Number of protein chains: 2
Amino acid sequence: MEKSELKYVGRSVPRVDGIEKVTGQAKFLGDLVVAGMLHGKILRSSYPHARILSIDTSKAETLPGVAAVLTAADLGDRVPTYNGRPVIAANKVRYVGEPVAAVAATDLATAEEAASLIEIQYEELPPVIGIDAARANGAPLIHEDHSDNICSHERVERGNIEEGLAQSDVVVEDHFTFPMVYHYAMEPHSVIAQWNDEGVTVWSSAQHPFQVRNDIAKIFRIPPSRVRMVISYLGGGYGSKSYTKFEPLVVALARKARAPVRVCNSVSDSMLTVRRHSAQVRVKTGFKQDGTLMAREAEIYLDTGAYDDNGPQVTIRAATRVLGPYRIPNILTNAYSVYTNSGSAGSFRAIGAPQVIFAGESQIDIAAARLGIDPVKLRLKNLLRKDEELRPGLKGIDANLASGLKKLINASQWKTSARKKAAPVGLACAVTNAGATPVSISMARMQSDGVVNILAGSTEMGQGVRTVLAQIAGEELSVPLDQIAILGADTKVTPYDSSTGSSRSTTCMGNAVQAAARDLKKQLIKIAADAFRVAQGQVKLQDGALICGEGRLSFKEALERRFGKGSGGELIGRGETGPEIADNRLPVFWEVGMGMVELAVDQETGQVRIKRLISVADVGKAIHPEGCIGQEEGAAMMGIGHTLFEQMLYDANGQLLNPNLVDYRLPTFDDVPEEFHTVLVENHDGPGPYGVRGMGEGGLLSVAPSATNAFARATGVRIRDLPLTPERVWRALKEPKPESST
Amino acid sequence: MEKSELKYVGRSVPRVDGIEKVTGQAKFLGDLVVAGMLHGKILRSSYPHARILSIDTSKAETLPGVAAVLTAADLGDRVPTYNGRPVIAANKVRYVGEPVAAVAATDLATAEEAASLIEIQYEELPPVIGIDAARANGAPLIHEDHSDNICSHERVERGNIEEGLAQSDVVVEDHFTFPMVYHYAMEPHSVIAQWNDEGVTVWSSAQHPFQVRNDIAKIFRIPPSRVRMVISYLGGGYGSKSYTKFEPLVVALARKARAPVRVCNSVSDSMLTVRRHSAQVRVKTGFKQDGTLMAREAEIYLDTGAYDDNGPQVTIRAATRVLGPYRIPNILTNAYSVYTNSGSAGSFRAIGAPQVIFAGESQIDIAAARLGIDPVKLRLKNLLRKDEELRPGLKGIDANLASGLKKLINASQWKTSARKKAAPVGLACAVTNAGATPVSISMARMQSDGVVNILAGSTEMGQGVRTVLAQIAGEELSVPLDQIAILGADTKVTPYDSSTGSSRSTTCMGNAVQAAARDLKKQLIKIAADAFRVAQGQVKLQDGALICGEGRLSFKEALERRFGKGSGGELIGRGETGPEIADNRLPVFWEVGMGMVELAVDQETGQVRIKRLISVADVGKAIHPEGCIGQEEGAAMMGIGHTLFEQMLYDANGQLLNPNLVDYRLPTFDDVPEEFHTVLVENHDGPGPYGVRGMGEGGLLSVAPSATNAFARATGVRIRDLPLTPERVWRALKEPKPESST
């Protein structure tokens, strides 16, 4: 379809939720009040590793205003778990911040006072802090039913790694580390739960309502259809609200209190609830003298904290994502997630990717220097071509990576920039097998007022999904966007959607919405064709009406023809996305992120700034160009965060030292690059509607390696650890290490 | 389809809402609490007819706890109306009980106190009480913009009435009256309204949520899609909760109060909100000596109260329903609704029918006596045959009326009973053109747990519609009923349904549910046929699974095959009922009611009891036989009410004298006939699923004429006025009138 034919798709229309949000009318979870609602307070462990000897709730229970005090004893002999997390700590605590008890009371102050009256006797156990401690011989076991502290292991193999390395002319091997970082969505996790004979209703700041529904159903042994998840707007997600967090605890508390209960995390609580995995990455890569990549071997350790959460998936993803976007005949990667006594790590925008792409893309520059080949040429030589396989078992690459890299080169004026000696410029390329699951279902419903209701279970968390879905529906039905209402996730109302994550909504839910709109369109056309007495092919849609020659039937009139004048009625279009969207293979799409940065380095103080940042996103087709650019820039700012500033610091006693915005340094508007530019690649080659593919995570990936590559180019000093704090940079400049450790 | 093939349809399964209701878990409107909800009190007129000179709300407004005081001034220069009713009285009141002002306050006591502080100055106008006063020359005008007090007029004509009467050998003419009666649903009308920037949400005890939605949208000039009606269980309807009652007033009050407001009527309030039309009916009928019906002329006056409500429709219906189920070549009927200063009359189970069928069926017996023909034979001779037209413009009769009457004769042992001289037995036949509008839309949604959610906007008001719809869905999908959830009316969730009334739900919504289930079934079969690699015709459904030879795929497995294991997903079936269900003609179906009673008459006191009552309902097919019998018996008990006890009594000053259960005499369990039997006729000739036609109103129709026919047979005295109070009966026995007035 030609761009010029499209009326809504491809245009940066005003956000459909814009006015509601800027006028403060949009409801977030903390704004919701459910009738008869109590307020909950979670009592959290202050020990990183300890046995619970006793819990005395008697004083708390007798405090006036307290409706219920929940402990593991209320969950039966065996406290249920989900994603490895217990609903509430039973017998043992494994991180500072772990929920041990919870109180529901008429107001928050009473709940907090009651929580302070709960007396717990602990027997302290030696804490295991960090990957090295967890891996040490004789390390204390965090989970007694395990033989060590390894949570999960993923191995990826292709060809013969030993032969590949033996056939290489140049082999580089490096160790990298990546810090523990937090998502810092504006809205911390919040949950309201209500339990009655009809079932459970949960209002939650959850990205994946249907998955949380299923977890709650399993934990409490009720049918999923009796669990209703209602999602209002989320104040940001970035993966922090993926999967089930503490919804089951609030459900159990509401069940005991026999009333709805709301629990709103503080920021500090949320930092202990989920975070990104810190990592240690060893990468060894072999090249022919001409730059041909021959082999890559990698060993990755990820600090997954006390419980699994999504750690095993992150590990699986890291083991592939370390390979970069390159053709490598011989591969062996091993990735491990490791239990430690810290808050659990889980999904975070581009799971398992920034840690390993920082390593891999740093090493490409290290190798380029050793080979004496321009790093751009080295990358172009080895970039996967379309349909080539990165590794066995995955769908071939569905994008033209070289065209993206060339666009980056042009947009960043790389040749001019990099020509200067010691120019502080660097770049990096990444491709990730998006974790998107294909399944999304949607409905397009039109009642007699002609308004189209789009039922889509995607969570609007600031990414603009409602606007994009409205554009798709508007385009297909030729309806102005103010005639379209997007009804958000309510598992009782909206059809099934597997998740809002992995950059999948525009592609997978977009496809379902497109199909639902087309199904509705077909029904409208049939009515009009009958009315005009013409073949269906002769009827066109235009501005909310059906047209054939001089004949015109508004959608309202079409409904009247079908059901009778003044008789109401309704047309229902449905649309499904299933595995066939990607020919029954995964990933549904490859997500592409490439970028270039230019640094300003203060050699006296060690302060590094990113002056210029150019990012390339291969979106297939930009449904909402400004939205795409906003996503890419937001991702890049997050990349600047972990590159320059962010790190959660645990002390040896398992206490998080900086659980707040004062001590945990986030990028601010002052850190926005002076030149900040996004290039959208639109080759219409994605699997979604209009050729779209997912985006919004890729912009995060190239920032760190681009920055250290730029730093090395400018100073000759290679930094392999993040973030680039002034102290670390200053020390590196004082005590430089060689470009490669091999 | 053979009965033996059906597993759920045709069986009296336990009601799907039974346990919820008997355990007190079912929520009715008075049980609902919306967050931040205020309590509303309506200040009602104590004058039947008066000009409002001034309203002073200042004292009420300053009472602590009062959020808003609403008067006509808040509704703009021209107070909007709906069905002839103003949202709130403007300038003038027209009945005792008319809303003049309303208060929203933090609690009901404060609202009531504030209402008592509102000062209103009235100028009294002469009240118009009863049909005669309204029709009198020079009667005060209730609506100044009318030239008289006639609200509406309907005329039905066929052949030549004068010739028909002239050709008759015997002509009888009688005057009958029918009392003003109230529905007396257990739950009085109740409404919660909430107005915010997203739109209006109304929880209401409304039978027709989509129609109320549209009225509110019009009145407040907002799109219907911004009005959400949510209906919980209703504690009975019987038409009293048809159409919009005072929802708009509560919406206006909530808008002014900027908070949700609940208004729950008392029983007395509800008796003034809606009731059945009292009637004066003159009928003149001509016969050939052999009993052949030649002509019927009728003049009907209906007391419609202060405002239209559904009075014009009732009038239209009465003008046809007076004809009975007979072949009459020459017809002239005129029906008028008349304004009076009393609470408005509206829909009531079998609208416009009992008043005129009492008249018509009394007169058949009067004529039979005059003709010397057995009244059963006289009826059988003139009963319409299948496909014959009652009158022009309506679909032919779709039932076999004679077979019904014969079943009544057999079941009631009529020949034995009537053989005895002066046996107190009587019977009557009726057929009504059901007012059912055809349009109903439904969805059948199946998620990965295999539970089928049926979305149907029918209101469950005790009639058992959810059970019947579950049976239909279970039958089509071969799913046990506990795997089916019926989601009730929520205009944001459930598809459009024109109404729950006119006995239409089992036929029209049942047809939509059947279609939705079949659409879902088709999708399941396609998946299974692909899995088994067979033609779709080879796959059968059986107990929640798809079967082909040895192959078996549970519905859960079918969803896994479609969407992937553990991938969730959902199948959506949709079903529509449109005008084609009745070949684009009306009525959608004819409703048939016939009955026989045996009386016990105490000639000393005038007390009449119904000892025996046999009722025949031609249901086409009984989906739930016990439910049908319950409906028929319930209708018959209502018939006993207006036959023996019930009458709303207004004094000359327009005050209702008996607005409560003490003074308004309802039938009780003591009044249940000793022998009480229902015969279901199942000829599978209705337009709904499995050949069903609507029922539940017909049982009401034959009681009164059967009773007066029995009384006349036993005593030789004809009573033409209802109810048969001991005083009226005693007086009739003392001062008997002849069988016919002509």
# chains A, B, ... in the order shown; residues from 1 in each chain; ligands from 1
call {"tool": "closest_atom_pairs", "arguments": {"of": "segment 298-366 of chain A", "to": "segment 238-245 of chain A", "cutoff": "6 Å", "atoms": "only C-alpha atoms", "output": "JSON lines"}}
result
{"residue": "A:Ser347", "atom": "CA", "partner": "A:Gly239", "partner_atom": "CA", "distance": 4.9}
{"residue": "A:Phe348", "atom": "CA", "partner": "A:Gly239", "partner_atom": "CA", "distance": 4.5}
{"residue": "A:Arg349", "atom": "CA", "partner": "A:Tyr238", "partner_atom": "CA", "distance": 5.1}
call {"tool": "write_last_selection", "arguments": {"atoms": "N, CA, C and O atoms", "output": "PDB file, in the first residue's frame"}}
result
ATOM      1  N   SER A 347      12.106  -9.215  34.341  1.00  0.00           N
ATOM      2  CA  SER A 347      12.117  -8.609  33.014  1.00  0.00           C
ATOM      3  C   SER A 347      12.445  -7.130  33.111  1.00  0.00           C
ATOM      4  O   SER A 347      12.040  -6.447  34.046  1.00  0.00           O
ATOM      5  N   PHE A 348      13.199  -6.657  32.144  1.00  0.00           N
ATOM      6  CA  PHE A 348      13.520  -5.230  32.040  1.00  0.00           C
ATOM      7  C   PHE A 348      13.766  -5.004  30.565  1.00  0.00           C
ATOM      8  O   PHE A 348      14.592  -5.704  29.962  1.00  0.00           O
ATOM      9  N   ARG A 349      13.057  -4.077  30.003  1.00  0.00           N
ATOM     10  CA  ARG A 349      13.217  -3.640  28.607  1.00  0.00           C
ATOM     11  C   ARG A 349      14.453  -4.269  27.958  1.00  0.00           C
ATOM     12  O   ARG A 349      15.583  -3.994  28.347  1.00  0.00           O
TER      13      ARG A 349
END
call {"tool": "residues_around", "arguments": {"residues": "Pro667 of chain B", "least_positions_apart": "3", "cutoff": "8 Å", "atoms": "only C-alpha atoms", "output": "list in words"}}
result
Met637, Met638, Ile640, Gly641, Phe645, Asp670, Asp671 and Val672 of chain B
call {"tool": "write_last_selection", "arguments": {"atoms": "N, CA and C atoms", "output": "PDB file, in the first residue's frame"}}
result
ATOM      1  N   MET B 637     -51.366 -16.507  39.209  1.00  0.00           N
ATOM      2  CA  MET B 637     -51.557 -15.902  40.537  1.00  0.00           C
ATOM      3  C   MET B 637     -51.775 -14.395  40.401  1.00  0.00           C
ATOM      4  N   MET B 638     -51.037 -13.767  39.466  1.00  0.00           N
ATOM      5  CA  MET B 638     -51.279 -12.340  39.223  1.00  0.00           C
ATOM      6  C   MET B 638     -52.695 -12.127  38.706  1.00  0.00           C
ATOM      7  N   ILE B 640     -55.215 -14.016  39.455  1.00  0.00           N
ATOM      8  CA  ILE B 640     -56.085 -14.162  40.629  1.00  0.00           C
ATOM      9  C   ILE B 640     -56.126 -12.843  41.401  1.00  0.00           C
ATOM     10  N   GLY B 641     -54.951 -12.180  41.449  1.00  0.00           N
ATOM     11  CA  GLY B 641     -54.893 -10.890  42.144  1.00  0.00           C
ATOM     12  C   GLY B 641     -55.891  -9.892  41.592  1.00  0.00           C
ATOM     13  N   PHE B 645     -58.847  -9.524  44.206  1.00  0.00           N
ATOM     14  CA  PHE B 645     -58.449  -8.657  45.329  1.00  0.00           C
ATOM     15  C   PHE B 645     -57.975  -7.254  44.961  1.00  0.00           C
ATOM     16  N   ASP B 670     -52.141 -18.535  50.833  1.00  0.00           N
ATOM     17  CA  ASP B 670     -53.473 -19.049  51.174  1.00  0.00           C
ATOM     18  C   ASP B 670     -54.422 -19.030  49.982  1.00  0.00           C
ATOM     19  N   ASP B 671     -54.115 -18.190  49.013  1.00  0.00           N
ATOM     20  CA  ASP B 671     -55.014 -18.049  47.865  1.00  0.00           C
ATOM     21  C   ASP B 671     -54.647 -18.965  46.714  1.00  0.00           C
ATOM     22  N   VAL B 672     -53.574 -19.726  46.872  1.00  0.00           N
ATOM     23  CA  VAL B 672     -53.176 -20.650  45.803  1.00  0.00           C
ATOM     24  C   VAL B 672     -54.264 -21.719  45.658  1.00  0.00           C
TER      25      VAL B 672
END
call {"tool": "residues_around", "arguments": {"residues": "His684 of chain B", "least_positions_apart": "5", "cutoff": "10 Å", "atoms": "only C-alpha atoms", "output": "list in words"}}
result
Met1, Ala399, Asp618, Val619, Gly620, Lys621, Ala622, Pro689, Tyr690, Gly691, Val692 and Arg693 of chain B
call {"tool": "closest_residue", "arguments": {"among": "B:His208, B:Arg226, B:Arg720, B:Lys284", "to": "Gln447 of chain A", "atoms": "only C-alpha atoms"}}
result
B:Arg226
call {"tool": "closest_residue", "arguments": {"among": "B:Ala470, B:Ala732, B:Ala512, B:Val202", "to": "chain A", "atoms": "only C-alpha atoms"}}
result
B:Ala512
call {"tool": "residues_around", "arguments": {"residues": "Val156 of chain A", "least_positions_apart": "6", "cutoff": "8 Å", "atoms": "only C-alpha atoms", "output": "number ranges by chain"}}
result
A: 319-320, 331-334
call {"tool": "select_by_dssp", "arguments": {"residues": "segment 29-250 of chain A", "states": "strand (DSSP E or B)", "output": "ChimeraX atom specification"}}
result
/A:38-44,50-56,66-70,81-82,85-86,92-93,99-105,119-124,150-158,170-178,190-196,199-204,227-230,233
call {"tool": "interface_residues", "arguments": {"of": "chain B", "to": "chain A", "cutoff": "7 Å", "atoms": "only C-alpha atoms", "output": "number ranges by chain"}}
result
B: 33-35, 224, 439-441, 449, 493, 495-498, 563, 567-570, 578-579
call {"tool": "residues_around", "arguments": {"residues": "Leu117 of chain A", "least_positions_apart": "4", "cutoff": "8 Å", "atoms": "only C-alpha atoms", "output": "PyMOL selection string"}}
result
chain A and resi 57+59-60+113
call {"tool": "write_last_selection", "arguments": {"atoms": "N, CA and C atoms", "output": "PDB file, in the first residue's frame"}}
result
ATOM      1  N   THR A  57       1.600 -12.170  66.115  1.00  0.00           N
ATOM      2  CA  THR A  57       0.770 -11.108  65.550  1.00  0.00           C
ATOM      3  C   THR A  57      -0.289 -10.627  66.540  1.00  0.00           C
ATOM      4  N   LYS A  59      -0.465  -8.655  69.179  1.00  0.00           N
ATOM      5  CA  LYS A  59      -0.637  -7.222  69.458  1.00  0.00           C
ATOM      6  C   LYS A  59      -1.222  -6.493  68.240  1.00  0.00           C
ATOM      7  N   ALA A  60      -0.742  -6.883  67.078  1.00  0.00           N
ATOM      8  CA  ALA A  60      -1.233  -6.232  65.854  1.00  0.00           C
ATOM      9  C   ALA A  60      -2.717  -6.507  65.649  1.00  0.00           C
ATOM     10  N   GLU A 113       1.047   1.013  61.894  1.00  0.00           N
ATOM     11  CA  GLU A 113       1.271   0.828  63.329  1.00  0.00           C
ATOM     12  C   GLU A 113       1.160  -0.653  63.684  1.00  0.00           C
TER      13      GLU A 113
END
call {"tool": "atom_distance", "arguments": {"atom1": "atom CA of Phe246 of chain A", "atom2": "atom CA of Val263 of chain A"}}
result
9.2 Å
call {"tool": "residues_around", "arguments": {"residues": "Thr643 of chain B", "least_positions_apart": "3", "cutoff": "8 Å", "atoms": "only C-alpha atoms", "output": "JSON list (two decimals) with N, CA, C and O atoms, in the first residue's frame"}}
result
[["chain", "number", "residue", "atom", "x", "y", "z"],
["B", 639, "GLY", "N", -53.15, -13.07, 37.86],
["B", 639, "GLY", "CA", -54.53, -12.99, 37.37],
["B", 639, "GLY", "C", -55.51, -13.13, 38.52],
["B", 639, "GLY", "O", -56.54, -12.43, 38.57],
["B", 640, "ILE", "N", -55.22, -14.02, 39.45],
["B", 640, "ILE", "CA", -56.08, -14.16, 40.63],
["B", 640, "ILE", "C", -56.13, -12.84, 41.40],
["B", 640, "ILE", "O", -57.17, -12.42, 41.90],
["B", 646, "GLU", "N", -57.14, -7.15, 43.94],
["B", 646, "GLU", "CA", -56.32, -5.96, 43.82],
["B", 646, "GLU", "C", -57.05, -4.79, 43.19],
["B", 646, "GLU", "O", -57.73, -4.93, 42.18],
["B", 703, "VAL", "N", -57.81, -15.88, 33.63],
["B", 703, "VAL", "CA", -58.31, -16.06, 34.99],
["B", 703, "VAL", "C", -59.59, -15.27, 35.24],
["B", 703, "VAL", "O", -60.60, -15.82, 35.69],
["B", 704, "ALA", "N", -59.55, -13.96, 34.94],
["B", 704, "ALA", "CA", -60.71, -13.13, 35.26],
["B", 704, "ALA", "C", -61.96, -13.56, 34.50],
["B", 704, "ALA", "O", -63.01, -13.82, 35.11],
["B", 707, "ALA", "N", -63.26, -16.82, 35.73],
["B", 707, "ALA", "CA", -63.90, -16.71, 37.05],
["B", 707, "ALA", "C", -65.30, -16.14, 36.94],
["B", 707, "ALA", "O", -66.25, -16.67, 37.54],
["B", 722, "LEU", "N", -64.35, -5.75, 38.05],
["B", 722, "LEU", "CA", -63.37, -6.43, 38.89],
["B", 722, "LEU", "C", -62.84, -5.44, 39.92],
["B", 722, "LEU", "O", -62.93, -4.23, 39.71],
["B", 723, "PRO", "N", -62.24, -5.93, 41.01],
["B", 723, "PRO", "CA", -62.13, -7.33, 41.42],
["B", 723, "PRO", "C", -63.41, -7.82, 42.08],
["B", 723, "PRO", "O", -64.27, -7.02, 42.44],
["B", 724, "LEU", "N", -63.47, -9.15, 42.24],
["B", 724, "LEU", "CA", -64.64, -9.78, 42.83],
["B", 724, "LEU", "C", -64.53, -9.74, 44.35],
["B", 724, "LEU", "O", -64.40, -10.76, 45.02]]
